[in-house]
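Please read the structure below before turning to the comments.
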Amino acid sequence: MEKKKTCRSEKEKKLITNRLNRIEGQIKGIKRMVQEDTYCNDILIQLSAIENSVKSLSNHVLENHLYTCVTNDLEKGNYEIIDELISLFKKFNRS
């Protein structure tokens with residue numbers, strides 16, 4: 001089976017890349033905090049911020065997926081995309 005791909009506009013690629021770079025910067029900042037023996041509470045606050053950033057980016061990618069990939073598959077009569085979405089939502093809802 002051939003691996004699926006998503007064609008993204010340059011604007012979308014730049015937006016996602018910028019957000020990933022920001023998350024990467026946050027992670028590097030936490031690494032520094034650990035090395036500098038920063039108080040646990042302050043590190044946990046930063047970890048929470050990263051978690052929120054990742055969730056926000058995930059939601060953005062999911063929204064675009066629904067408007068592009070899923071819509072295109074449904075228009076082509078590929079209803080297996082619904083099973084893929086159900087599996088995806090189950091992964092999103094894991095604790």
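Naming scheme: A, B, ... for chains in displayed order of the structure tokens; residues 1 onward per chain; ligands 1 onward as shown.
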
> Got a sec to tell me which of chain A DSSP assigns to alpha helix (DSSP H), as JSON, numbers by chain?
Replying inline: {"A": [10, 11, 12, 13, 14, 15, 16, 17, 18, 19, 20, 21, 22, 23, 24, 25, 26, 27, 28, 29, 30, 31, 32, 33, 34, 35, 40, 41, 42, 43, 44, 45, 46, 47, 48, 49, 50, 51, 52, 53, 54, 55, 56, 57, 58, 59, 60, 61, 62, 63, 64, 65, 71, 72, 73, 74, 75, 81, 82, 83, 84, 85, 86, 87, 88, 89, 90, 91, 92]}

>> Residues within 10 Å of segment 54-56 of chain A, please, as a list of chain:residue names. Count only C-alpha atoms; anything in the same chain fewer than 4 positions from it doesn't count.
In response: A:Arg19, A:Leu20, A:Ile23, A:Ser48, A:Ala49, A:Ile50, A:His60, A:Val61, A:Leu62, A:Phe92

Residue selection dump (N, CA and C atoms) as a PDB file, in the first residue's frame:
```pdb
ATOM      1  N   ARG A  19       5.452  27.292  14.233  1.00  0.00           N
ATOM      2  CA  ARG A  19       4.913  26.830  15.517  1.00  0.00           C
ATOM      3  C   ARG A  19       5.770  25.710  16.098  1.00  0.00           C
ATOM      4  N   LEU A  20       6.264  24.815  15.238  1.00  0.00           N
ATOM      5  CA  LEU A  20       7.157  23.753  15.705  1.00  0.00           C
ATOM      6  C   LEU A  20       8.472  24.333  16.221  1.00  0.00           C
ATOM      7  N   ILE A  23       7.851  25.611  19.667  1.00  0.00           N
ATOM      8  CA  ILE A  23       7.782  24.496  20.622  1.00  0.00           C
ATOM      9  C   ILE A  23       9.185  23.970  20.911  1.00  0.00           C
ATOM     10  N   SER A  48       3.523  22.649  30.909  1.00  0.00           N
ATOM     11  CA  SER A  48       2.104  22.833  30.618  1.00  0.00           C
ATOM     12  C   SER A  48       1.919  23.730  29.393  1.00  0.00           C
ATOM     13  N   ALA A  49       2.743  24.756  29.284  1.00  0.00           N
ATOM     14  CA  ALA A  49       2.673  25.654  28.131  1.00  0.00           C
ATOM     15  C   ALA A  49       3.002  24.901  26.841  1.00  0.00           C
ATOM     16  N   ILE A  50       4.005  24.019  26.909  1.00  0.00           N
ATOM     17  CA  ILE A  50       4.361  23.220  25.729  1.00  0.00           C
ATOM     18  C   ILE A  50       3.209  22.291  25.356  1.00  0.00           C
ATOM     19  N   HIS A  60      -5.024  22.438  14.877  1.00  0.00           N
ATOM     20  CA  HIS A  60      -4.903  23.161  13.613  1.00  0.00           C
ATOM     21  C   HIS A  60      -4.716  22.182  12.448  1.00  0.00           C
ATOM     22  N   VAL A  61      -3.799  21.215  12.624  1.00  0.00           N
ATOM     23  CA  VAL A  61      -3.540  20.228  11.576  1.00  0.00           C
ATOM     24  C   VAL A  61      -4.784  19.365  11.350  1.00  0.00           C
ATOM     25  N   LEU A  62      -5.462  18.989  12.420  1.00  0.00           N
ATOM     26  CA  LEU A  62      -6.691  18.197  12.299  1.00  0.00           C
ATOM     27  C   LEU A  62      -7.761  18.965  11.520  1.00  0.00           C
ATOM     28  N   PHE A  92      -6.579  10.612  19.777  1.00  0.00           N
ATOM     29  CA  PHE A  92      -6.634  11.952  20.362  1.00  0.00           C
ATOM     30  C   PHE A  92      -7.218  11.928  21.760  1.00  0.00           C
TER      31      PHE A  92
END
```

> Residues at most 10 Å from Thr68 of chain A, counting only C-alpha atoms, excluding those fewer than 5 positions away in the same chain, as number ranges by chain?
Replying inline: A: 6-8, 62-63, 73

Mind dumping the selected residues with C-alpha atoms as an mmCIF file, in the first residue's frame?
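Generated file (result.cif):
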```cif
data_model
loop_
_atom_site.group_PDB
_atom_site.id
_atom_site.type_symbol
_atom_site.label_atom_id
_atom_site.label_comp_id
_atom_site.auth_asym_id
_atom_site.auth_seq_id
_atom_site.Cartn_x
_atom_site.Cartn_y
_atom_site.Cartn_z
ATOM 1 C CA THR A 6 -0.801 15.799 1.948
ATOM 2 C CA CYS A 7 0.094 18.695 -0.316
ATOM 3 C CA ARG A 8 0.318 21.856 1.768
ATOM 4 C CA LEU A 62 -6.691 18.197 12.299
ATOM 5 C CA GLU A 63 -8.927 21.039 11.139
ATOM 6 C CA ASP A 73 -11.669 11.469 -0.122
#
```

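The gap separating atom CA of Glu12 of chain A from atom CA of Phe89 of chain A is 22.5 Å, in Å to one decimal.
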
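Using only C-alpha atoms, the contacts of Ile43 of chain A at a cut-off of 10 Å, with sequence neighbours closer than 6 positions omitted, comprise Gly29, Ile30, Lys31, Met33, Val34, Asp37 and Ala49 of chain A.
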